[in-house]
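What follows is protein-v3.txt (compact mmCIF, C-alpha atoms).
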# COMPACT_ATOMS: atom_id res chain seq x y z
CA MET A 1 -35.28 47.36 167.55
CA PRO A 2 -34.28 50.95 168.57
CA LEU A 3 -30.82 49.61 169.49
CA ILE A 4 -30.38 48.20 165.98
CA ILE A 5 -31.39 51.54 164.43
CA ILE A 6 -28.92 53.40 166.65
CA LEU A 7 -26.21 50.87 165.76
CA ILE A 8 -26.94 51.27 162.01
CA ILE A 9 -26.82 55.06 162.34
CA LEU A 10 -23.49 54.86 164.19
CA ILE A 11 -22.04 52.53 161.56
CA MET A 12 -23.21 54.85 158.77
CA LEU A 13 -21.71 57.86 160.56
CA GLY A 14 -18.45 55.94 160.94
CA ILE A 15 -18.39 55.04 157.25
CA TRP A 16 -19.18 58.66 156.35
CA ALA A 17 -16.31 59.90 158.58
CA VAL A 18 -13.87 57.44 156.98
CA VAL A 19 -14.92 58.49 153.45
CA ILE A 20 -14.50 62.20 154.29
CA PHE A 21 -11.14 61.52 155.97
CA ASN A 22 -9.89 59.59 152.93
CA GLN A 23 -11.00 62.39 150.59
CA LEU A 24 -9.18 64.95 152.73
CA VAL A 25 -6.02 62.82 152.75
CA GLY A 26 -6.17 62.51 148.96
CA MET A 27 -6.62 66.25 148.57
CA ARG A 28 -3.74 66.99 150.93
CA GLN A 29 -1.54 64.64 148.88
CA MET A 30 -2.50 66.52 145.71
CA VAL A 31 -1.45 69.80 147.35
CA GLU A 32 1.87 68.29 148.44
CA ASN A 33 2.41 66.83 144.98
CA GLY A 34 1.64 70.19 143.39
CA TRP A 35 4.09 71.97 145.68
CA SER A 36 6.74 69.39 144.88
CA ASP A 37 6.24 70.04 141.15
CA ILE A 38 6.66 73.78 141.73
CA GLU A 39 9.85 73.20 143.71
CA VAL A 40 11.30 71.01 140.95
CA GLN A 41 10.72 73.72 138.35
CA LEU A 42 11.99 76.51 140.60
CA LYS A 43 15.14 74.45 141.25
CA ARG A 44 15.52 73.91 137.51
CA ARG A 45 15.30 77.67 136.94
CA ALA A 46 17.75 78.33 139.77
CA ASP A 47 20.18 75.87 138.17
CA LEU A 48 19.88 77.60 134.77
CA ILE A 49 20.56 81.08 136.12
CA PRO A 50 24.29 80.60 136.91
CA LEU A 51 24.81 79.16 133.43
CA LEU A 52 23.06 82.13 131.88
CA VAL A 53 25.03 84.59 134.04
CA SER A 54 28.28 82.91 133.13
CA THR A 55 27.44 82.99 129.41
CA VAL A 56 26.50 86.66 129.46
CA LYS A 57 29.42 87.53 131.76
CA GLY A 58 31.87 86.49 129.07
CA TYR A 59 30.44 89.14 126.75
CA ALA A 60 29.40 91.85 129.20
CA SER A 61 31.92 91.81 132.02
CA HIS A 62 31.13 95.45 132.93
CA GLU A 63 27.60 94.44 134.05
CA ARG A 64 28.97 93.31 137.42
CA LYS A 65 26.19 94.93 139.48
CA LEU A 66 23.54 93.08 137.48
CA PHE A 67 25.35 89.75 137.93
CA ILE A 68 25.56 90.33 141.69
CA ASP A 69 21.86 91.28 141.81
CA VAL A 70 20.81 88.15 139.90
CA THR A 71 22.95 85.94 142.13
CA GLU A 72 21.65 87.53 145.34
CA LYS A 73 18.00 87.25 144.25
CA ARG A 74 18.55 83.63 143.21
CA ASN A 75 20.04 82.81 146.61
CA GLN A 76 17.18 84.56 148.39
CA ALA A 77 14.65 82.59 146.34
CA LEU A 78 16.39 79.31 147.18
CA ALA A 79 16.49 80.27 150.87
CA ALA A 80 12.79 81.22 150.99
CA GLY A 81 11.83 77.66 151.90
CA ASN A 82 8.47 75.92 151.57
CA ASN A 83 6.16 78.74 152.58
CA PRO A 84 4.21 79.53 149.38
CA LYS A 85 3.77 83.20 150.31
CA SER A 86 7.42 83.97 151.09
CA ARG A 87 8.62 81.80 148.21
CA GLY A 88 6.29 83.64 145.83
CA VAL A 89 7.65 87.01 146.96
CA ALA A 90 11.26 85.84 146.58
CA GLU A 91 10.65 84.30 143.16
CA ALA A 92 8.86 87.46 142.00
CA ALA A 93 11.88 89.52 143.04
CA LEU A 94 14.10 87.28 140.90
CA LYS A 95 12.23 87.91 137.63
CA PRO A 96 13.20 91.58 137.00
CA PRO A 97 16.98 90.98 137.22
CA ILE A 98 16.63 87.96 134.92
CA GLY A 99 14.75 90.15 132.46
CA ARG A 100 17.53 92.77 132.64
CA LEU A 101 20.12 90.03 132.18
CA LEU A 102 18.40 88.85 129.02
CA ALA A 103 18.08 92.45 127.82
CA VAL A 104 21.86 92.90 128.10
CA ALA A 105 22.21 90.49 125.17
CA GLU A 106 20.64 93.13 122.94
CA ASP A 107 23.92 95.05 123.00
CA TYR A 108 26.03 92.01 122.07
CA PRO A 109 25.32 90.56 118.62
CA ASP A 110 27.86 87.76 119.14
CA LEU A 111 26.08 86.73 122.33
CA LYS A 112 22.67 86.78 120.63
CA ALA A 113 24.09 84.47 117.95
CA SER A 114 25.68 82.10 120.48
CA GLN A 115 23.97 78.70 120.38
CA ASN A 116 24.73 78.21 124.07
CA PHE A 117 22.95 81.46 124.97
CA LEU A 118 20.00 80.65 122.71
CA ASP A 119 19.70 77.17 124.25
CA LEU A 120 19.77 78.64 127.77
CA GLN A 121 17.23 81.27 126.82
CA ASN A 122 14.91 78.59 125.42
CA GLU A 123 15.39 76.40 128.52
CA LEU A 124 14.56 79.34 130.76
CA SER A 125 11.44 80.14 128.74
CA ASP A 126 10.36 76.50 128.86
CA THR A 127 10.97 76.40 132.59
CA GLU A 128 8.87 79.54 133.14
CA ASP A 129 6.01 77.84 131.29
CA LYS A 130 6.39 74.73 133.46
CA ILE A 131 6.43 76.83 136.63
CA GLU A 132 3.17 78.42 135.53
CA MET A 133 1.57 75.03 134.83
CA ALA A 134 2.78 73.65 138.18
CA ARG A 135 1.49 76.76 139.96
CA ARG A 136 -1.94 76.33 138.38
CA PHE A 137 -2.07 72.66 139.37
CA TYR A 138 -0.98 73.45 142.93
CA ASN A 139 -3.45 76.32 143.32
CA GLY A 140 -6.26 74.11 141.97
CA ALA A 141 -5.41 71.41 144.50
CA VAL A 142 -5.25 74.03 147.29
CA ARG A 143 -8.63 75.44 146.23
CA THR A 144 -10.21 71.96 146.27
CA LEU A 145 -8.76 71.16 149.70
CA ASN A 146 -9.70 74.56 151.15
CA VAL A 147 -13.31 74.19 149.96
CA LYS A 148 -13.53 70.74 151.55
CA VAL A 149 -11.95 71.95 154.81
CA GLN A 150 -14.39 74.87 155.02
CA SER A 151 -17.55 73.11 153.85
CA VAL A 152 -20.19 71.59 156.09
CA PRO A 153 -20.25 68.71 156.97
CA SER A 154 -16.65 67.82 156.04
CA ASN A 155 -15.34 70.63 158.26
CA LEU A 156 -16.62 68.62 161.24
CA ILE A 157 -14.03 65.96 160.36
CA ALA A 158 -11.29 68.22 158.95
CA GLY A 159 -10.80 70.51 161.95
CA PRO A 160 -10.48 67.92 164.68
CA LEU A 161 -8.20 65.73 162.54
CA GLY A 162 -5.77 68.55 161.76
CA PHE A 163 -6.65 69.39 158.17
CA ARG A 164 -6.07 73.11 157.64
CA GLN A 165 -6.42 75.53 154.78
CA GLN A 166 -3.31 75.87 152.64
CA GLN A 167 -1.82 79.01 151.09
CA PHE A 168 -1.99 79.66 147.37
CA PHE A 169 1.27 80.20 145.47
CA GLU A 170 0.66 83.65 144.08
CA ILE A 171 2.79 85.97 142.05
CA ASP A 172 3.34 89.58 142.92
CA GLU A 173 1.03 92.05 141.12
CA ALA A 174 4.04 93.74 139.49
CA ASP A 175 5.32 90.35 138.35
CA ALA A 176 2.07 89.59 136.57
CA LEU A 177 3.24 91.94 133.84
CA THR A 178 6.11 89.93 132.39
CA PRO A 179 8.83 92.16 130.99
CA ASN A 180 8.95 92.23 127.22
CA VAL A 181 12.48 91.45 126.08
CA GLU A 182 13.12 91.52 122.35
CA PHE A 183 16.19 90.21 120.62
CA LYS A 184 16.57 91.79 117.22
CA SER A 185 18.57 90.00 114.59

Here is a file; write its structure as structure tokens.
Amino acid sequence: MPLIIILIILIMLGIWAVVIFNQLVGMRQMVENGWSDIEVQLKRRADLIPLLVSTVKGYASHERKLFIDVTEKRNQALAAGNNPKSRGVAEAALKPPIGRLLAVAEDYPDLKASQNFLDLQNELSDTEDKIEMARRFYNGAVRTLNVKVQSVPSNLIAGPLGFRQQQFFEIDEADALTPNVEFKS
């Protein structure tokens, strides 16, 4: 009889460990999916930037330093890799030059009226919104995984099986205040 009780307890512990493991795997997949969504949107923004630079360059060729700055920051953001912290810093550094680039259009009425420029500006705005949504999804998935990895009793399974806390994708404090760029008609 005691052997049967011990066997039942061991089977229940095994089932519990499998359930916790499967939950952790699902949560890790959500984090990876969230990061993938962020990367897609960051790539989309990076692809829009050269088009925007080229459009503005035709009207404001004397803004060479700004164009170089935007291009350098874009390349640094693309090279930052998959580390959420370093990628967040690089992406935050890209926002101010993009804001200045958009502000240059204020001095060029023909550029402001250009359908191509307006389309690019709208695409960039839409992409920024999608980046924010993807960042929120990713950070929510990271929070859920981190709670599970740290909580008793799931931490007894998580640690030995290699589940670790993940980093949040955070924006720089200065970047939290999005520059206000107005285009007057």

For a quick check of your reading of the model, name the residues lying within 12 Å of the coordinate (-5.1, 79.4, 147.5), counting only C-alpha atoms, and write them as a PDB file with C-alpha atoms, in the coordinates of the input.
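Saved to selection.pdb:
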ATOM      1  CA  VAL A  31      -1.450  69.800 147.350  1.00  0.00           C
ATOM      2  CA  TRP A  35       4.090  71.970 145.680  1.00  0.00           C
ATOM      3  CA  PRO A  84       4.210  79.530 149.380  1.00  0.00           C
ATOM      4  CA  LYS A  85       3.770  83.200 150.310  1.00  0.00           C
ATOM      5  CA  ARG A 135       1.490  76.760 139.960  1.00  0.00           C
ATOM      6  CA  ARG A 136      -1.940  76.330 138.380  1.00  0.00           C
ATOM      7  CA  PHE A 137      -2.070  72.660 139.370  1.00  0.00           C
ATOM      8  CA  TYR A 138      -0.980  73.450 142.930  1.00  0.00           C
ATOM      9  CA  ASN A 139      -3.450  76.320 143.320  1.00  0.00           C
ATOM     10  CA  GLY A 140      -6.260  74.110 141.970  1.00  0.00           C
ATOM     11  CA  ALA A 141      -5.410  71.410 144.500  1.00  0.00           C
ATOM     12  CA  VAL A 142      -5.250  74.030 147.290  1.00  0.00           C
ATOM     13  CA  ARG A 143      -8.630  75.440 146.230  1.00  0.00           C
ATOM     14  CA  THR A 144     -10.210  71.960 146.270  1.00  0.00           C
ATOM     15  CA  LEU A 145      -8.760  71.160 149.700  1.00  0.00           C
ATOM     16  CA  ASN A 146      -9.700  74.560 151.150  1.00  0.00           C
ATOM     17  CA  VAL A 147     -13.310  74.190 149.960  1.00  0.00           C
ATOM     18  CA  ARG A 164      -6.070  73.110 157.640  1.00  0.00           C
ATOM     19  CA  GLN A 165      -6.420  75.530 154.780  1.00  0.00           C
ATOM     20  CA  GLN A 166      -3.310  75.870 152.640  1.00  0.00           C
ATOM     21  CA  GLN A 167      -1.820  79.010 151.090  1.00  0.00           C
ATOM     22  CA  PHE A 168      -1.990  79.660 147.370  1.00  0.00           C
ATOM     23  CA  PHE A 169       1.270  80.200 145.470  1.00  0.00           C
ATOM     24  CA  GLU A 170       0.660  83.650 144.080  1.00  0.00           C
ATOM     25  CA  ILE A 171       2.790  85.970 142.050  1.00  0.00           C
TER      26      ILE A 171
END

**Request:** Extract, using only C-alpha atoms, all DNA, RNA and protein residues at most 10 Å from range 78-81 of chain A, discarding same-chain residues fewer than 5 positions from it, and format them as a list of chain:residue names.
**Result:**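 Near neighbours after the sequence-gap exclusion: A:Glu39, A:Leu42, A:Lys43, A:Ala46, A:Glu72, A:Lys73, A:Ser86, A:Arg87, A:Gly88, A:Val89, A:Ala90, A:Glu91.
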
**Counting all atoms listed in the file, the residue of A:Asn82, A:Gln115, A:Ser151, A:Thr127 that sits nearest Ser36 in chain A** = A:Asn82

**Å distance separating CA of Val70 in chain A from CA of Pro97 in chain A, one decimal place** =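 Separation between CA of Val70 in chain A and CA of Pro97 in chain A: 5.5 Å.
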
**Request:** Give me the residues within 8 Å of range 51-59 of chain A as a ChimeraX atom specification, counting all atoms listed in the file and dropping any in the same chain fewer than 5 places off.
**Result:** /A:67,101,104-105,108,111,116-117,120-121

Requested write-out: C-alpha atoms of the selected residues, as a PDB file, keeping the file's coordinate frame:
ATOM      1  CA  PHE A  67      25.350  89.750 137.930  1.00  0.00           C
ATOM      2  CA  LEU A 101      20.120  90.030 132.180  1.00  0.00           C
ATOM      3  CA  VAL A 104      21.860  92.900 128.100  1.00  0.00           C
ATOM      4  CA  ALA A 105      22.210  90.490 125.170  1.00  0.00           C
ATOM      5  CA  TYR A 108      26.030  92.010 122.070  1.00  0.00           C
ATOM      6  CA  LEU A 111      26.080  86.730 122.330  1.00  0.00           C
ATOM      7  CA  ASN A 116      24.730  78.210 124.070  1.00  0.00           C
ATOM      8  CA  PHE A 117      22.950  81.460 124.970  1.00  0.00           C
ATOM      9  CA  LEU A 120      19.770  78.640 127.770  1.00  0.00           C
ATOM     10  CA  GLN A 121      17.230  81.270 126.820  1.00  0.00           C
TER      11      GLN A 121
END

Please determine an axis-aligned box that encloses all atoms of range 42-47 of chain A listed in the file, with 8 Å added on each side, and express its centre and edge lengths in Å to one decimal as JSON.
{"center_x": 16.1, "center_y": 76.1, "center_z": 139.1, "size_x": 24.2, "size_y": 20.4, "size_z": 20.3}

**Request:** Point out the residue among A:Trp16, A:Ile8, A:Asn75, A:Leu3 with the least atom-to-atom distance to Leu156 in chain A, counting all atoms listed in the file.
**Result:** A:Trp16

**Request:** Between CA of Ser61 in chain A and CA of Ile49 in chain A, measure the distance and give it in Å to one decimal.
**Result:** 16.2 Å

**Message:** Restricting the calculation to only C-alpha atoms: of A:Ala134, A:Ala60, A:Ala93, A:Gln23, which residue gets closest to Gln76 in chain A?
**Reply:** A:Ala93

**Asked** Separation of CA of Leu66 in chain A and CA of Lys95 in chain A, in Å?
**Response** 12.4 Å

**Request:** Tell me which of A:Leu48, A:Leu161, A:Ile6, A:Val19 sits closest to Ser125 in chain A, counting only C-alpha atoms.
**Result:**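 Closest to Ser125 in chain A of all the choices is A:Leu48.
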
Quick one: range 69-91 of chain A with N, CA and C atoms, as an mmCIF file, in the coordinates of the input?
data_model
loop_
_atom_site.group_PDB
_atom_site.id
_atom_site.type_symbol
_atom_site.label_atom_id
_atom_site.label_comp_id
_atom_site.auth_asym_id
_atom_site.auth_seq_id
_atom_site.Cartn_x
_atom_site.Cartn_y
_atom_site.Cartn_z
ATOM 1 N N ASP A 69 23.285 91.201 141.496
ATOM 2 C CA ASP A 69 21.860 91.280 141.810
ATOM 3 C C ASP A 69 21.147 89.959 141.475
ATOM 4 N N VAL A 70 21.427 89.416 140.301
ATOM 5 C CA VAL A 70 20.810 88.150 139.900
ATOM 6 C C VAL A 70 21.202 87.041 140.864
ATOM 7 N N THR A 71 22.472 86.983 141.215
ATOM 8 C CA THR A 71 22.950 85.940 142.130
ATOM 9 C C THR A 71 22.326 86.075 143.509
ATOM 10 N N GLU A 72 22.253 87.314 144.019
ATOM 11 C CA GLU A 72 21.650 87.530 145.340
ATOM 12 C C GLU A 72 20.169 87.150 145.350
ATOM 13 N N LYS A 73 19.438 87.571 144.318
ATOM 14 C CA LYS A 73 18.000 87.250 144.250
ATOM 15 C C LYS A 73 17.781 85.757 144.099
ATOM 16 N N ARG A 74 18.643 85.087 143.361
ATOM 17 C CA ARG A 74 18.550 83.630 143.210
ATOM 18 C C ARG A 74 18.747 82.953 144.559
ATOM 19 N N ASN A 75 19.769 83.399 145.295
ATOM 20 C CA ASN A 75 20.040 82.810 146.610
ATOM 21 C C ASN A 75 18.908 83.068 147.590
ATOM 22 N N GLN A 76 18.319 84.255 147.522
ATOM 23 C CA GLN A 76 17.180 84.560 148.390
ATOM 24 C C GLN A 76 15.976 83.676 148.045
ATOM 25 N N ALA A 77 15.768 83.442 146.766
ATOM 26 C CA ALA A 77 14.650 82.590 146.340
ATOM 27 C C ALA A 77 14.876 81.152 146.824
ATOM 28 N N LEU A 78 16.095 80.672 146.721
ATOM 29 C CA LEU A 78 16.390 79.310 147.180
ATOM 30 C C LEU A 78 16.243 79.196 148.697
ATOM 31 N N ALA A 79 16.560 80.284 149.404
ATOM 32 C CA ALA A 79 16.490 80.270 150.870
ATOM 33 C C ALA A 79 15.083 80.514 151.410
ATOM 34 N N ALA A 80 14.141 80.863 150.542
ATOM 35 C CA ALA A 80 12.790 81.220 150.990
ATOM 36 C C ALA A 80 12.030 80.051 151.596
ATOM 37 N N GLY A 81 12.440 78.830 151.286
ATOM 38 C CA GLY A 81 11.830 77.660 151.900
ATOM 39 C C GLY A 81 10.517 77.245 151.281
ATOM 40 N N ASN A 82 9.697 76.532 152.069
ATOM 41 C CA ASN A 82 8.470 75.920 151.570
ATOM 42 C C ASN A 82 7.211 76.720 151.822
ATOM 43 N N ASN A 83 7.340 77.917 152.361
ATOM 44 C CA ASN A 83 6.160 78.740 152.580
ATOM 45 C C ASN A 83 5.764 79.377 151.260
ATOM 46 N N PRO A 84 4.597 79.019 150.699
ATOM 47 C CA PRO A 84 4.210 79.530 149.380
ATOM 48 C C PRO A 84 4.222 81.058 149.291
ATOM 49 N N LYS A 85 3.819 81.740 150.356
ATOM 50 C CA LYS A 85 3.770 83.200 150.310
ATOM 51 C C LYS A 85 5.166 83.800 150.224
ATOM 52 N N SER A 86 6.068 83.409 151.117
ATOM 53 C CA SER A 86 7.420 83.970 151.090
ATOM 54 C C SER A 86 8.182 83.516 149.857
ATOM 55 N N ARG A 87 7.940 82.291 149.421
ATOM 56 C CA ARG A 87 8.620 81.800 148.210
ATOM 57 C C ARG A 87 8.133 82.570 146.996
ATOM 58 N N GLY A 88 6.834 82.869 146.938
ATOM 59 C CA GLY A 88 6.290 83.640 145.830
ATOM 60 C C GLY A 88 6.889 85.040 145.762
ATOM 61 N N VAL A 89 7.055 85.677 146.917
ATOM 62 C CA VAL A 89 7.650 87.010 146.960
ATOM 63 C C VAL A 89 9.106 86.958 146.480
ATOM 64 N N ALA A 90 9.852 85.964 146.963
ATOM 65 C CA ALA A 90 11.260 85.840 146.580
ATOM 66 C C ALA A 90 11.409 85.524 145.095
ATOM 67 N N GLU A 91 10.573 84.650 144.583
ATOM 68 C CA GLU A 91 10.650 84.300 143.160
ATOM 69 C C GLU A 91 10.241 85.483 142.291
#
